file query13.cif (mmCIF, C-alpha atoms)
data_final
#
loop_
_atom_site.label_atom_id
_atom_site.label_comp_id
_atom_site.auth_asym_id
_atom_site.auth_seq_id
_atom_site.Cartn_x
_atom_site.Cartn_y
_atom_site.Cartn_z
CA MET B 1 32.70 -22.71 -36.40
CA ALA B 2 29.85 -24.52 -34.67
CA ASN B 3 30.17 -26.98 -31.82
CA ALA B 4 28.89 -30.49 -32.23
CA LEU B 5 25.26 -30.47 -31.10
CA VAL B 6 24.90 -31.88 -27.58
CA VAL B 7 22.05 -34.40 -27.40
CA GLU B 8 20.84 -35.35 -23.93
CA SER B 9 17.83 -36.76 -22.15
CA GLY B 10 16.79 -36.80 -18.53
CA GLU B 11 14.62 -34.96 -16.07
CA PHE B 12 14.78 -31.22 -16.71
CA TYR B 13 14.14 -30.73 -13.01
CA ASP B 14 17.54 -32.33 -12.37
CA GLU B 15 19.21 -30.34 -15.16
CA ALA B 16 18.03 -27.10 -13.53
CA LEU B 17 19.63 -28.23 -10.27
CA ARG B 18 22.90 -29.06 -12.04
CA LEU B 19 23.01 -25.65 -13.68
CA LYS B 20 22.15 -23.92 -10.42
CA ASN B 21 25.07 -25.67 -8.74
CA LEU B 22 27.42 -24.29 -11.41
CA ALA B 23 26.35 -20.69 -10.75
CA PHE B 24 28.96 -18.34 -9.31
CA ALA B 25 28.72 -17.75 -5.57
CA GLU B 26 28.36 -14.49 -3.66
CA ASN B 27 31.57 -12.41 -3.66
CA SER B 28 33.33 -14.99 -5.82
CA GLY B 29 34.58 -12.28 -8.18
CA LEU B 30 34.00 -14.62 -11.13
CA TYR B 31 31.11 -12.94 -12.95
CA VAL B 32 32.16 -11.40 -16.28
CA PRO B 33 30.02 -8.38 -17.25
CA PRO B 34 29.16 -8.73 -20.96
CA THR B 35 30.35 -6.12 -23.42
CA GLU B 36 27.90 -4.31 -25.67
CA ASN B 37 28.98 -6.49 -28.61
CA GLN B 38 28.48 -9.65 -26.57
CA ARG B 39 25.01 -8.51 -25.54
CA GLN B 40 24.05 -7.84 -29.13
CA ASP B 41 25.48 -11.18 -30.28
CA PHE B 42 23.54 -12.98 -27.56
CA ARG B 43 20.41 -11.10 -28.57
CA ALA B 44 20.81 -12.52 -32.07
CA LEU B 45 21.29 -15.98 -30.55
CA ALA B 46 18.08 -15.56 -28.56
CA GLN B 47 16.24 -14.71 -31.78
CA SER B 48 17.57 -17.83 -33.49
CA LEU B 49 16.39 -19.95 -30.56
CA TYR B 50 12.98 -18.33 -30.62
CA ASP B 51 12.72 -19.00 -34.35
CA ASN B 52 13.81 -22.65 -33.95
CA ASP B 53 16.77 -21.96 -36.22
CA TRP B 54 19.06 -24.52 -34.61
CA PRO B 55 21.97 -24.51 -37.11
CA THR B 56 22.36 -20.73 -36.78
CA ALA B 57 21.97 -20.92 -33.01
CA ASP B 58 24.70 -23.56 -32.84
CA THR B 59 27.19 -21.33 -34.65
CA GLN B 60 26.23 -18.23 -32.64
CA ALA B 61 26.46 -20.11 -29.33
CA ALA B 62 29.94 -21.43 -30.08
CA ALA B 63 31.20 -17.92 -30.81
CA LEU B 64 30.03 -16.85 -27.34
CA GLY B 65 31.52 -19.76 -25.44
CA TYR B 66 28.17 -21.57 -25.25
CA GLU B 67 26.90 -24.91 -26.49
CA LEU B 68 23.57 -25.79 -28.05
CA VAL B 69 21.84 -28.74 -26.42
CA LYS B 70 18.84 -30.75 -27.59
CA PHE B 71 17.36 -31.96 -24.31
CA THR B 72 14.54 -34.52 -24.19
CA ASN B 73 12.68 -34.18 -20.92
CA THR B 74 11.88 -37.73 -19.86
CA THR B 75 9.28 -36.40 -17.41
CA THR B 76 7.07 -34.90 -20.12
CA GLY B 77 8.48 -36.20 -23.42
CA SER B 78 9.00 -32.63 -24.61
CA THR B 79 12.08 -31.50 -26.51
CA TYR B 80 13.92 -28.44 -25.23
CA TRP B 81 16.59 -26.64 -27.23
CA GLY B 82 18.85 -24.64 -24.98
CA VAL B 83 22.14 -22.82 -24.70
CA ARG B 84 24.41 -23.14 -21.69
CA GLU B 85 28.03 -22.28 -21.04
CA THR B 86 30.72 -24.57 -22.42
CA LEU B 87 32.50 -25.62 -19.25
CA VAL B 88 36.24 -25.27 -18.74
CA ASN B 89 37.59 -27.69 -16.15
CA ASN B 90 33.97 -28.40 -15.16
CA ALA B 91 33.29 -24.75 -14.38
CA GLN B 92 31.62 -21.76 -15.99
CA THR B 93 33.75 -18.89 -17.21
CA LYS B 94 31.16 -16.09 -17.50
CA GLY B 95 28.12 -16.61 -15.26
CA TRP B 96 25.57 -15.29 -17.75
CA GLY B 97 22.92 -17.96 -17.41
CA SER B 98 21.17 -20.73 -19.33
CA PHE B 99 18.22 -20.40 -21.70
CA PHE B 100 15.83 -23.01 -23.16
CA ILE B 101 13.06 -23.03 -25.77
CA ASN B 102 10.38 -25.74 -25.66
CA GLU B 103 9.86 -27.11 -29.16
CA ASP B 104 6.56 -28.63 -28.00
CA TYR B 105 5.24 -25.60 -26.13
CA VAL B 106 1.56 -25.06 -25.50
CA THR B 107 1.47 -21.77 -23.56
CA THR B 108 3.27 -18.64 -24.75
CA VAL B 109 4.93 -18.07 -21.39
CA THR B 110 8.54 -17.57 -20.38
CA VAL B 111 9.45 -18.79 -16.89
CA GLU B 112 12.32 -16.78 -15.38
CA VAL B 113 14.59 -17.60 -12.44
CA PRO B 114 16.85 -14.57 -11.87
CA HIS B 115 18.20 -15.55 -8.43
CA PRO B 116 18.78 -19.32 -8.39
CA VAL B 117 21.52 -19.10 -5.74
CA HIS B 118 20.01 -16.55 -3.38
CA ASP B 119 16.27 -17.36 -3.57
CA THR B 120 16.26 -20.92 -2.27
CA ASN B 121 14.59 -23.54 -4.49
CA THR B 122 13.27 -21.07 -7.07
CA HIS B 123 15.22 -23.08 -9.67
CA ARG B 124 13.15 -26.13 -8.69
CA LEU B 125 9.87 -24.19 -8.73
CA GLY B 126 10.70 -22.58 -12.07
CA ALA B 127 11.65 -25.88 -13.68
CA ARG B 128 8.46 -27.56 -12.50
CA VAL B 129 6.24 -24.72 -13.72
CA PHE B 130 8.07 -24.63 -17.07
CA GLU B 131 7.55 -28.30 -17.79
CA ASP B 132 4.03 -28.68 -16.34
CA ALA B 133 2.71 -25.58 -18.12
CA ASP B 134 4.37 -26.63 -21.39
CA ALA B 135 5.70 -23.09 -21.45
CA ARG B 136 7.66 -21.74 -24.38
CA GLY B 137 10.78 -20.44 -22.65
CA PHE B 138 12.89 -20.94 -19.55
CA MET B 139 15.61 -18.55 -18.34
CA MET B 140 17.92 -18.96 -15.36
CA ALA B 141 20.72 -16.65 -14.27
CA GLY B 142 24.22 -18.05 -13.84
CA SER B 143 25.49 -16.09 -10.84
CA HIS B 144 24.57 -14.97 -7.38
CA ARG B 145 23.16 -11.45 -7.56
CA SER B 146 26.23 -10.17 -5.69
CA ALA B 147 28.89 -12.37 -7.33
CA ASN B 148 31.41 -9.52 -7.64
CA GLY B 149 30.10 -7.47 -4.72
CA SER B 150 26.71 -6.05 -3.82
CA GLN B 151 24.20 -6.34 -6.72
CA THR B 152 26.97 -6.58 -9.36
CA ALA B 153 25.39 -9.51 -11.18
CA ASN B 154 21.72 -8.94 -10.39
CA PRO B 155 19.66 -9.12 -13.61
CA THR B 156 16.66 -7.55 -11.87
CA SER B 157 18.56 -4.36 -11.13
CA LEU B 158 20.98 -4.15 -14.08
CA ASP B 159 19.77 -2.50 -17.27
CA TYR B 160 22.45 -4.30 -19.27
CA SER B 161 22.78 -8.06 -18.89
CA ILE B 162 22.49 -11.19 -21.00
CA PHE B 163 19.37 -12.05 -19.00
CA GLN B 164 17.81 -8.75 -20.06
CA GLU B 165 18.69 -9.27 -23.74
CA VAL B 166 17.00 -12.67 -23.83
CA HIS B 167 13.99 -11.34 -21.94
CA GLU B 168 13.54 -8.55 -24.46
CA VAL B 169 13.63 -10.92 -27.42
CA TRP B 170 11.26 -13.47 -25.94
CA ASN B 171 8.85 -11.12 -24.14
CA GLY B 172 7.94 -8.23 -26.36
CA GLY B 173 8.58 -6.71 -29.72
CA TYR B 174 10.17 -9.73 -31.37
CA GLY B 175 8.56 -12.29 -29.06
CA ASP B 176 5.05 -12.65 -27.70
CA SER B 177 5.45 -14.38 -24.35
CA THR B 178 4.18 -13.47 -20.93
CA ALA B 179 6.96 -13.51 -18.32
CA TRP B 180 6.47 -15.24 -14.98
CA GLN B 181 9.41 -14.41 -12.74
CA MET B 182 9.98 -16.60 -9.68
CA HIS B 183 11.39 -15.09 -6.48
CA GLY B 184 11.63 -15.92 -2.81
CA TYR B 185 11.95 -13.89 0.39
CA GLY B 186 13.19 -14.75 3.86
CA SER B 187 12.25 -14.02 7.43
CA GLY B 188 13.88 -10.58 7.48
CA THR B 189 11.57 -9.34 4.75
CA ALA B 190 8.59 -11.26 6.10
CA ASP B 191 8.89 -9.37 9.40
CA HIS B 192 7.59 -6.25 7.62
CA PHE B 193 4.40 -7.98 6.43
CA PRO B 194 1.19 -9.03 8.19
CA ASP B 195 1.55 -12.28 10.11
CA GLY B 196 0.99 -15.29 7.89
CA THR B 197 2.00 -13.65 4.61
CA ASP B 198 3.18 -16.34 2.19
CA ALA B 199 3.12 -14.55 -1.17
CA VAL B 200 3.42 -11.03 -2.58
CA LEU B 201 2.59 -10.52 -6.26
CA SER B 202 3.27 -7.54 -8.50
CA ASP B 203 3.57 -6.40 -12.10
CA GLY B 204 6.11 -3.75 -11.09
CA ALA B 205 3.80 -0.82 -11.76
CA GLY B 206 1.12 -1.21 -9.11
CA ASN B 207 -1.50 -2.76 -11.37
CA VAL B 208 -3.72 -5.66 -10.34
CA THR B 209 -3.81 -7.99 -13.32
CA VAL B 210 -6.06 -10.98 -13.95
CA GLU B 211 -3.09 -13.31 -13.39
CA MET B 212 -2.56 -11.86 -9.92
CA GLN B 213 -6.23 -11.99 -9.01
CA LEU B 214 -6.40 -15.64 -9.95
CA LEU B 215 -3.17 -16.67 -8.25
CA ASP B 216 -3.99 -14.71 -5.09
CA ALA B 217 -7.33 -16.49 -4.83
CA ALA B 218 -5.95 -19.90 -5.76
CA LEU B 219 -3.18 -19.81 -3.15
CA GLU B 220 -5.53 -18.78 -0.38
CA GLY B 221 -8.04 -21.40 -1.50
CA ILE B 222 -5.49 -24.18 -0.91
CA GLY B 223 -5.73 -23.79 2.85
CA LEU B 224 -2.22 -25.00 3.72
CA PHE B 225 -0.67 -21.61 2.92
CA GLY B 226 -1.10 -18.28 4.64
CA ASP B 227 -2.24 -15.08 2.95
CA ALA B 228 -1.25 -13.80 -0.47
CA TYR B 229 -1.15 -10.07 -1.26
CA VAL B 230 -0.83 -7.97 -4.39
CA PHE B 231 1.32 -4.83 -4.43
CA ASN B 232 -0.71 -1.98 -5.93
CA GLU B 233 -1.28 1.75 -5.74
CA LEU B 234 -5.07 1.71 -5.58
CA GLU B 235 -7.00 3.34 -2.76
CA THR B 236 -7.32 1.07 0.27
CA ASP B 237 -11.10 0.87 -0.13
CA ASP B 238 -10.97 0.23 -3.87
CA PRO B 239 -12.96 -2.97 -4.51
CA LEU B 240 -10.10 -4.49 -6.50
CA ASN B 241 -7.60 -3.85 -3.70
CA GLU B 242 -10.05 -5.27 -1.17
CA GLN B 243 -10.50 -8.36 -3.32
CA VAL B 244 -6.79 -9.23 -3.29
CA ASN B 245 -5.66 -7.66 -0.02
CA GLY B 246 -8.70 -7.58 2.26
CA GLU B 247 -10.53 -4.72 3.93
CA GLY B 248 -8.38 -2.02 5.48
CA VAL B 249 -5.11 -3.29 4.01
CA ASN B 250 -3.10 -0.78 1.98
CA GLY B 251 -1.73 -2.38 -1.17
CA TYR B 252 1.36 -0.18 -1.29
CA SER B 253 2.72 -0.32 2.24
CA PRO B 254 4.44 -2.50 3.34
CA PHE B 255 4.40 -4.52 0.11
CA TRP B 256 6.47 -1.97 -1.84
CA ARG B 257 9.52 -3.88 -0.62
CA LEU B 258 8.69 -6.61 -3.14
CA GLY B 259 6.99 -4.39 -5.69
CA ALA B 260 9.63 -4.82 -8.43
CA ARG B 261 9.22 -1.16 -9.32
CA ASN B 262 12.73 -0.89 -10.78
CA ASN B 263 12.86 -4.33 -12.36
CA PRO B 264 14.07 -3.81 -15.96
CA GLN B 265 12.35 -6.94 -17.24
CA GLY B 266 9.01 -5.69 -15.98
CA GLN B 267 9.61 -2.21 -17.35
CA TYR B 268 10.38 -3.57 -20.80
CA SER B 269 7.40 -5.92 -20.89
CA ARG B 270 5.00 -3.16 -19.86
CA ASP B 271 6.48 -0.75 -22.42
CA GLN B 272 5.81 -3.37 -25.09
CA GLY B 273 2.23 -3.89 -23.94
CA GLY B 274 3.08 -7.29 -22.49
CA THR B 275 2.34 -8.99 -19.20
CA PHE B 276 4.87 -9.39 -16.40
CA VAL B 277 4.21 -11.35 -13.22
CA HIS B 278 6.67 -10.85 -10.36
CA ALA B 279 5.89 -13.61 -7.86
CA GLU B 280 7.53 -13.61 -4.42
CA PHE B 281 7.02 -16.63 -2.19
CA SER B 282 7.92 -17.26 1.44
CA TYR B 283 10.56 -19.75 2.47
CA TYR B 284 7.81 -21.96 3.90
CA MET B 285 6.18 -22.34 0.48
CA ARG B 286 9.47 -23.26 -1.16
CA THR B 287 10.89 -25.85 1.22
CA THR B 288 9.16 -29.20 0.69
CA PRO B 289 8.34 -30.92 -2.62
CA THR B 290 4.68 -31.20 -1.67
CA ARG B 291 4.24 -27.51 -0.96
CA ARG B 292 6.54 -26.27 -3.75
CA ASP B 293 6.27 -28.76 -6.63
CA GLN B 294 2.69 -29.83 -6.17
CA LEU B 295 0.52 -27.24 -4.44
CA LEU B 296 2.35 -24.04 -5.39
CA ALA B 297 3.50 -25.09 -8.87
CA GLU B 298 0.10 -26.54 -9.75
CA ALA B 299 -1.63 -23.32 -8.70
CA ILE B 300 0.71 -21.28 -10.93
CA VAL B 301 0.29 -23.70 -13.83
CA GLY B 302 -3.49 -23.53 -13.50
CA VAL B 303 -3.41 -19.75 -13.73
CA ILE B 304 -1.08 -19.90 -16.73
CA GLN B 305 -3.43 -22.31 -18.51
CA ALA B 306 -6.37 -20.04 -17.72
CA THR B 307 -4.76 -16.83 -18.94
CA ALA B 308 -1.93 -17.46 -21.42
CA THR B 309 -2.18 -17.54 -25.19
CA VAL B 310 -2.01 -21.12 -26.44
CA GLN B 311 -1.10 -22.78 -29.69
CA GLN B 312 -4.23 -23.37 -31.71
CA SER B 313 -2.94 -26.60 -33.23
CA VAL B 314 -2.75 -28.51 -29.96
CA ASP B 315 -5.33 -29.95 -27.61
CA VAL B 316 -4.97 -27.84 -24.49
CA PRO B 317 -6.22 -29.21 -21.15
CA SER B 318 -9.15 -27.22 -19.85
CA PRO B 319 -8.34 -24.69 -17.10
CA ALA B 320 -11.66 -25.58 -15.49
CA PRO B 321 -10.48 -25.45 -11.87
CA PHE B 322 -9.89 -21.72 -12.20
CA MET B 323 -12.25 -19.97 -14.60
CA PRO B 324 -15.64 -21.19 -13.30
CA MET B 325 -14.53 -20.75 -9.69
CA LEU B 326 -12.96 -17.30 -10.08
CA ALA B 327 -15.79 -15.39 -8.43
CA GLY B 328 -16.04 -17.83 -5.56
CA LEU B 329 -12.31 -17.85 -4.93
CA GLY B 330 -12.28 -14.09 -4.97
CA PHE B 331 -14.90 -13.98 -2.24
CA LEU B 332 -12.97 -16.60 -0.28
CA ALA B 333 -9.80 -14.51 -0.42
CA LEU B 334 -11.64 -11.40 0.74
CA SER B 335 -13.40 -13.29 3.50
CA ARG B 336 -10.23 -14.81 4.92
CA LYS B 337 -8.31 -11.58 4.93
CA SER B 338 -11.19 -9.59 6.38
CA LYS B 339 -11.17 -11.72 9.54
CA LYS B 340 -7.67 -10.60 10.61
#
call {"tool": "encode", "arguments": {"input": "query13.cif", "output": "structure tokens"}}
result
Amino acid sequence: MANALVVESGEFYDEALRLKNLAFAENSGLYVPPTENQRQDFRALAQSLYDNDWPTADTQAAALGYELVKFTNTTTGSTYWGVRETLVNNAQTKGWGSFFINEDYVTTVTVEVPHPVHDTNTHRLGARVFEDADARGFMMAGSHRSANGSQTANPTSLDYSIFQEVHEVWNGGYGDSTAWQMHGYGSGTADHFPDGTDAVLSDGAGNVTVEMQLLDAALEGIGLFGDAYVFNELETDDPLNEQVNGEGVNGYSPFWRLGARNNPQGQYSRDQGGTFVHAEFSYYMRTTPTRRDQLLAEAIVGVIQATATVQQSVDVPSPAPFMPMLAGLGFLALSRKSKK
């Protein structure tokens, strides 16, 4: 039996914060690992959402302890259809996450936030990118990565999770989206990198994609941020490595720490011939609204608009700030890094 459809409006940015605050904490012991049947049922739910089959999604969500919500984002005017846990005494009971489809999407991109509790303000960054890029999907985990102990609820290291099921439906095979996964790192990790490192990008397999070239150049072109690097396995003097990492900088070491080499979402997307962007940002970039929601988010959105597949029936804003300036930005990135 289906729940009554929940109809809401507000700023999606605030809704992402509310959901983040419901997520299970580290060592809370509250995360419930999904059974195989639950994973398959949620996979079917993800397909119904992707197909805009709201009546079926409503019934499927109710059977899983979820509710279907029609959320009008007052910031953009877009309508998002999402599923989130039905709360019991104002609390989650599973910790699987929340998932939204943009009925008015322009870019075939899924924005993913796998660590909303641990990676400070990535829920805010992800929400802003999702709405400003008019992306198709938004996914956010519902637990700290170590909710039941070390890495017990981490969707980026578990092969079997609800997060993984939704990713597979929306980002390959059945779906056609490019996944942009938002992460953050702290001072302990930053200590291993060159001074001034503010971003490390990867596709999980050591490739340097167009998305990474553009974002690397755009971030360094802003001026307020430090250097961005791209994890790769090219030779140090390969022109592509030098473009994104500078002369004499090895793209593998020390950036392998954030290379996402065992990330199951990236592995699946690559196996399906899709694109996966694993974006790690320093704490400095994520702290203030100006740096995070304007400069950083706008740079990501610009790259998405320049590279993602778009609906042909809509008038898409021109990605002019990025495509004509690509060569120049590339030279700027190389020049800055070469002066270290």
call {"tool": "closest_residue", "arguments": {"input": "query13.cif", "among": "B:Leu296, B:Leu49, B:Leu68, B:Val310", "to": "Leu224 in chain B", "atoms": "all atoms listed in the file"}}
result
B:Leu296
call {"tool": "closest_residue", "arguments": {"input": "query13.cif", "among": "B:Leu240, B:Leu30, B:Met182, B:Ala46", "to": "Phe163 in chain B", "atoms": "all atoms listed in the file"}}
result
B:Ala46
call {"tool": "residues_around", "arguments": {"input": "query13.cif", "residues": "Gly206 in chain B", "least_positions_apart": "2", "cutoff": "7 Å", "atoms": "all atoms listed in the file", "output": "PyMOL selection string"}}
result
chain B and resi 202-204+208+231-233
call {"tool": "atom_distance", "arguments": {"input": "query13.cif", "atom1": "CA of Val88 in chain B", "atom2": "CA of Ala127 in chain B"}}
result
25.1 Å
call {"tool": "resolve_selection", "arguments": {"input": "query13.cif", "expression": "the PyMOL selection byres ((chain B and resi 185) around 10)", "output": "list in words"}}
result
His118, Asp119, Thr120, His183, Gly184, Gly186, Ser187, Gly188, Thr189, Ala190, Asp198, Ala199, Val200, Leu258, Glu280, Phe281, Ser282, Tyr283, Tyr284 and Arg286 of chain B
call {"tool": "closest_residue", "arguments": {"input": "query13.cif", "among": "B:Phe225, B:Tyr160, B:His192, B:Asp41", "to": "Ser253 in chain B", "atoms": "only C-alpha atoms"}}
result
B:His192
call {"tool": "residues_around", "arguments": {"input": "query13.cif", "residues": "range 71-74 of chain B", "least_positions_apart": "3", "cutoff": "8 Å", "atoms": "all atoms listed in the file", "output": "MDAnalysis selection string"}}
result
chainID B and resid 7:12 77:82
call {"tool": "closest_residue", "arguments": {"input": "query13.cif", "among": "B:Asn52, B:Ser177, B:Thr156, B:Thr107", "to": "Val129 in chain B", "atoms": "all atoms listed in the file"}}
result
B:Thr107
call {"tool": "closest_residue", "arguments": {"input": "query13.cif", "among": "B:Val117, B:Ala141, B:Ile162, B:Ala91", "to": "Pro33 in chain B", "atoms": "only C-alpha atoms"}}
result
B:Ile162
call {"tool": "residues_around", "arguments": {"input": "query13.cif", "residues": "Phe42 in chain B", "least_positions_apart": "2", "cutoff": "8 Å", "atoms": "all atoms listed in the file", "output": "list in words"}}
result
Gln38, Arg39, Gln40, Ala44, Leu45, Ala46, Gln60, Ala61, Leu64, Ile162, Glu165 and Val166 of chain B
call {"tool": "build_atoms", "arguments": {"input": "query13.cif", "residues": "range 203-212 of chain B", "atoms": "all heavy atoms", "output": "CSV table (one decimal), in the frame of the given file"}}
result
chain,number,residue,atom,x,y,z
B,203,ASP,N,3.1,-6.5,-10.7
B,203,ASP,CA,3.6,-6.4,-12.1
B,203,ASP,C,4.6,-5.3,-12.2
B,203,ASP,O,5.1,-5.0,-13.3
B,203,ASP,CB,2.4,-6.1,-13.0
B,203,ASP,CG,2.0,-4.6,-13.0
B,203,ASP,OD1,2.2,-3.9,-12.0
B,203,ASP,OD2,1.4,-4.1,-14.0
B,204,GLY,N,5.1,-4.8,-11.1
B,204,GLY,CA,6.1,-3.8,-11.1
B,204,GLY,C,5.6,-2.3,-11.2
B,204,GLY,O,6.4,-1.4,-11.1
B,205,ALA,N,4.3,-2.2,-11.6
B,205,ALA,CA,3.8,-0.8,-11.8
B,205,ALA,C,2.6,-0.5,-10.9
B,205,ALA,O,1.9,0.5,-11.1
B,205,ALA,CB,3.5,-0.6,-13.2
B,206,GLY,N,2.3,-1.4,-10.0
B,206,GLY,CA,1.1,-1.2,-9.1
B,206,GLY,C,-0.2,-1.5,-9.7
B,206,GLY,O,-1.3,-1.1,-9.2
B,207,ASN,N,-0.2,-2.3,-10.8
B,207,ASN,CA,-1.5,-2.8,-11.4
B,207,ASN,C,-1.9,-4.1,-10.8
B,207,ASN,O,-1.1,-4.9,-10.4
B,207,ASN,CB,-1.4,-2.9,-12.9
B,207,ASN,CG,-0.9,-1.6,-13.5
B,207,ASN,OD1,-1.5,-0.6,-13.3
B,207,ASN,ND2,0.2,-1.7,-14.3
B,208,VAL,N,-3.2,-4.4,-10.8
B,208,VAL,CA,-3.7,-5.7,-10.3
B,208,VAL,C,-4.2,-6.4,-11.6
B,208,VAL,O,-5.3,-6.1,-12.1
B,208,VAL,CB,-4.8,-5.5,-9.3
B,208,VAL,CG1,-5.3,-6.9,-8.9
B,208,VAL,CG2,-4.3,-4.7,-8.1
B,209,THR,N,-3.5,-7.3,-12.1
B,209,THR,CA,-3.8,-8.0,-13.3
B,209,THR,C,-4.7,-9.2,-13.0
B,209,THR,O,-4.8,-9.7,-11.9
B,209,THR,CB,-2.5,-8.4,-14.1
B,209,THR,OG1,-1.9,-9.5,-13.3
B,209,THR,CG2,-1.6,-7.2,-14.3
B,210,VAL,N,-5.2,-9.8,-14.1
B,210,VAL,CA,-6.1,-11.0,-14.0
B,210,VAL,C,-5.2,-12.1,-13.4
B,210,VAL,O,-5.7,-12.9,-12.6
B,210,VAL,CB,-6.7,-11.4,-15.3
B,210,VAL,CG1,-7.4,-12.7,-15.2
B,210,VAL,CG2,-7.7,-10.3,-15.8
B,211,GLU,N,-4.0,-12.2,-13.9
B,211,GLU,CA,-3.1,-13.3,-13.4
B,211,GLU,C,-2.9,-13.2,-11.9
B,211,GLU,O,-2.9,-14.3,-11.2
B,211,GLU,CB,-1.7,-13.2,-14.1
B,211,GLU,CG,-1.7,-13.6,-15.5
B,211,GLU,CD,-2.1,-12.4,-16.4
B,211,GLU,OE1,-2.4,-11.3,-15.9
B,211,GLU,OE2,-2.1,-12.6,-17.7
B,212,MET,N,-2.8,-12.0,-11.4
B,212,MET,CA,-2.6,-11.9,-9.9
B,212,MET,C,-3.8,-12.1,-9.1
B,212,MET,O,-3.8,-12.7,-8.0
B,212,MET,CB,-2.0,-10.5,-9.6
B,212,MET,CG,-0.6,-10.2,-10.2
B,212,MET,SD,-0.2,-8.5,-10.1
B,212,MET,CE,1.2,-8.5,-11.3
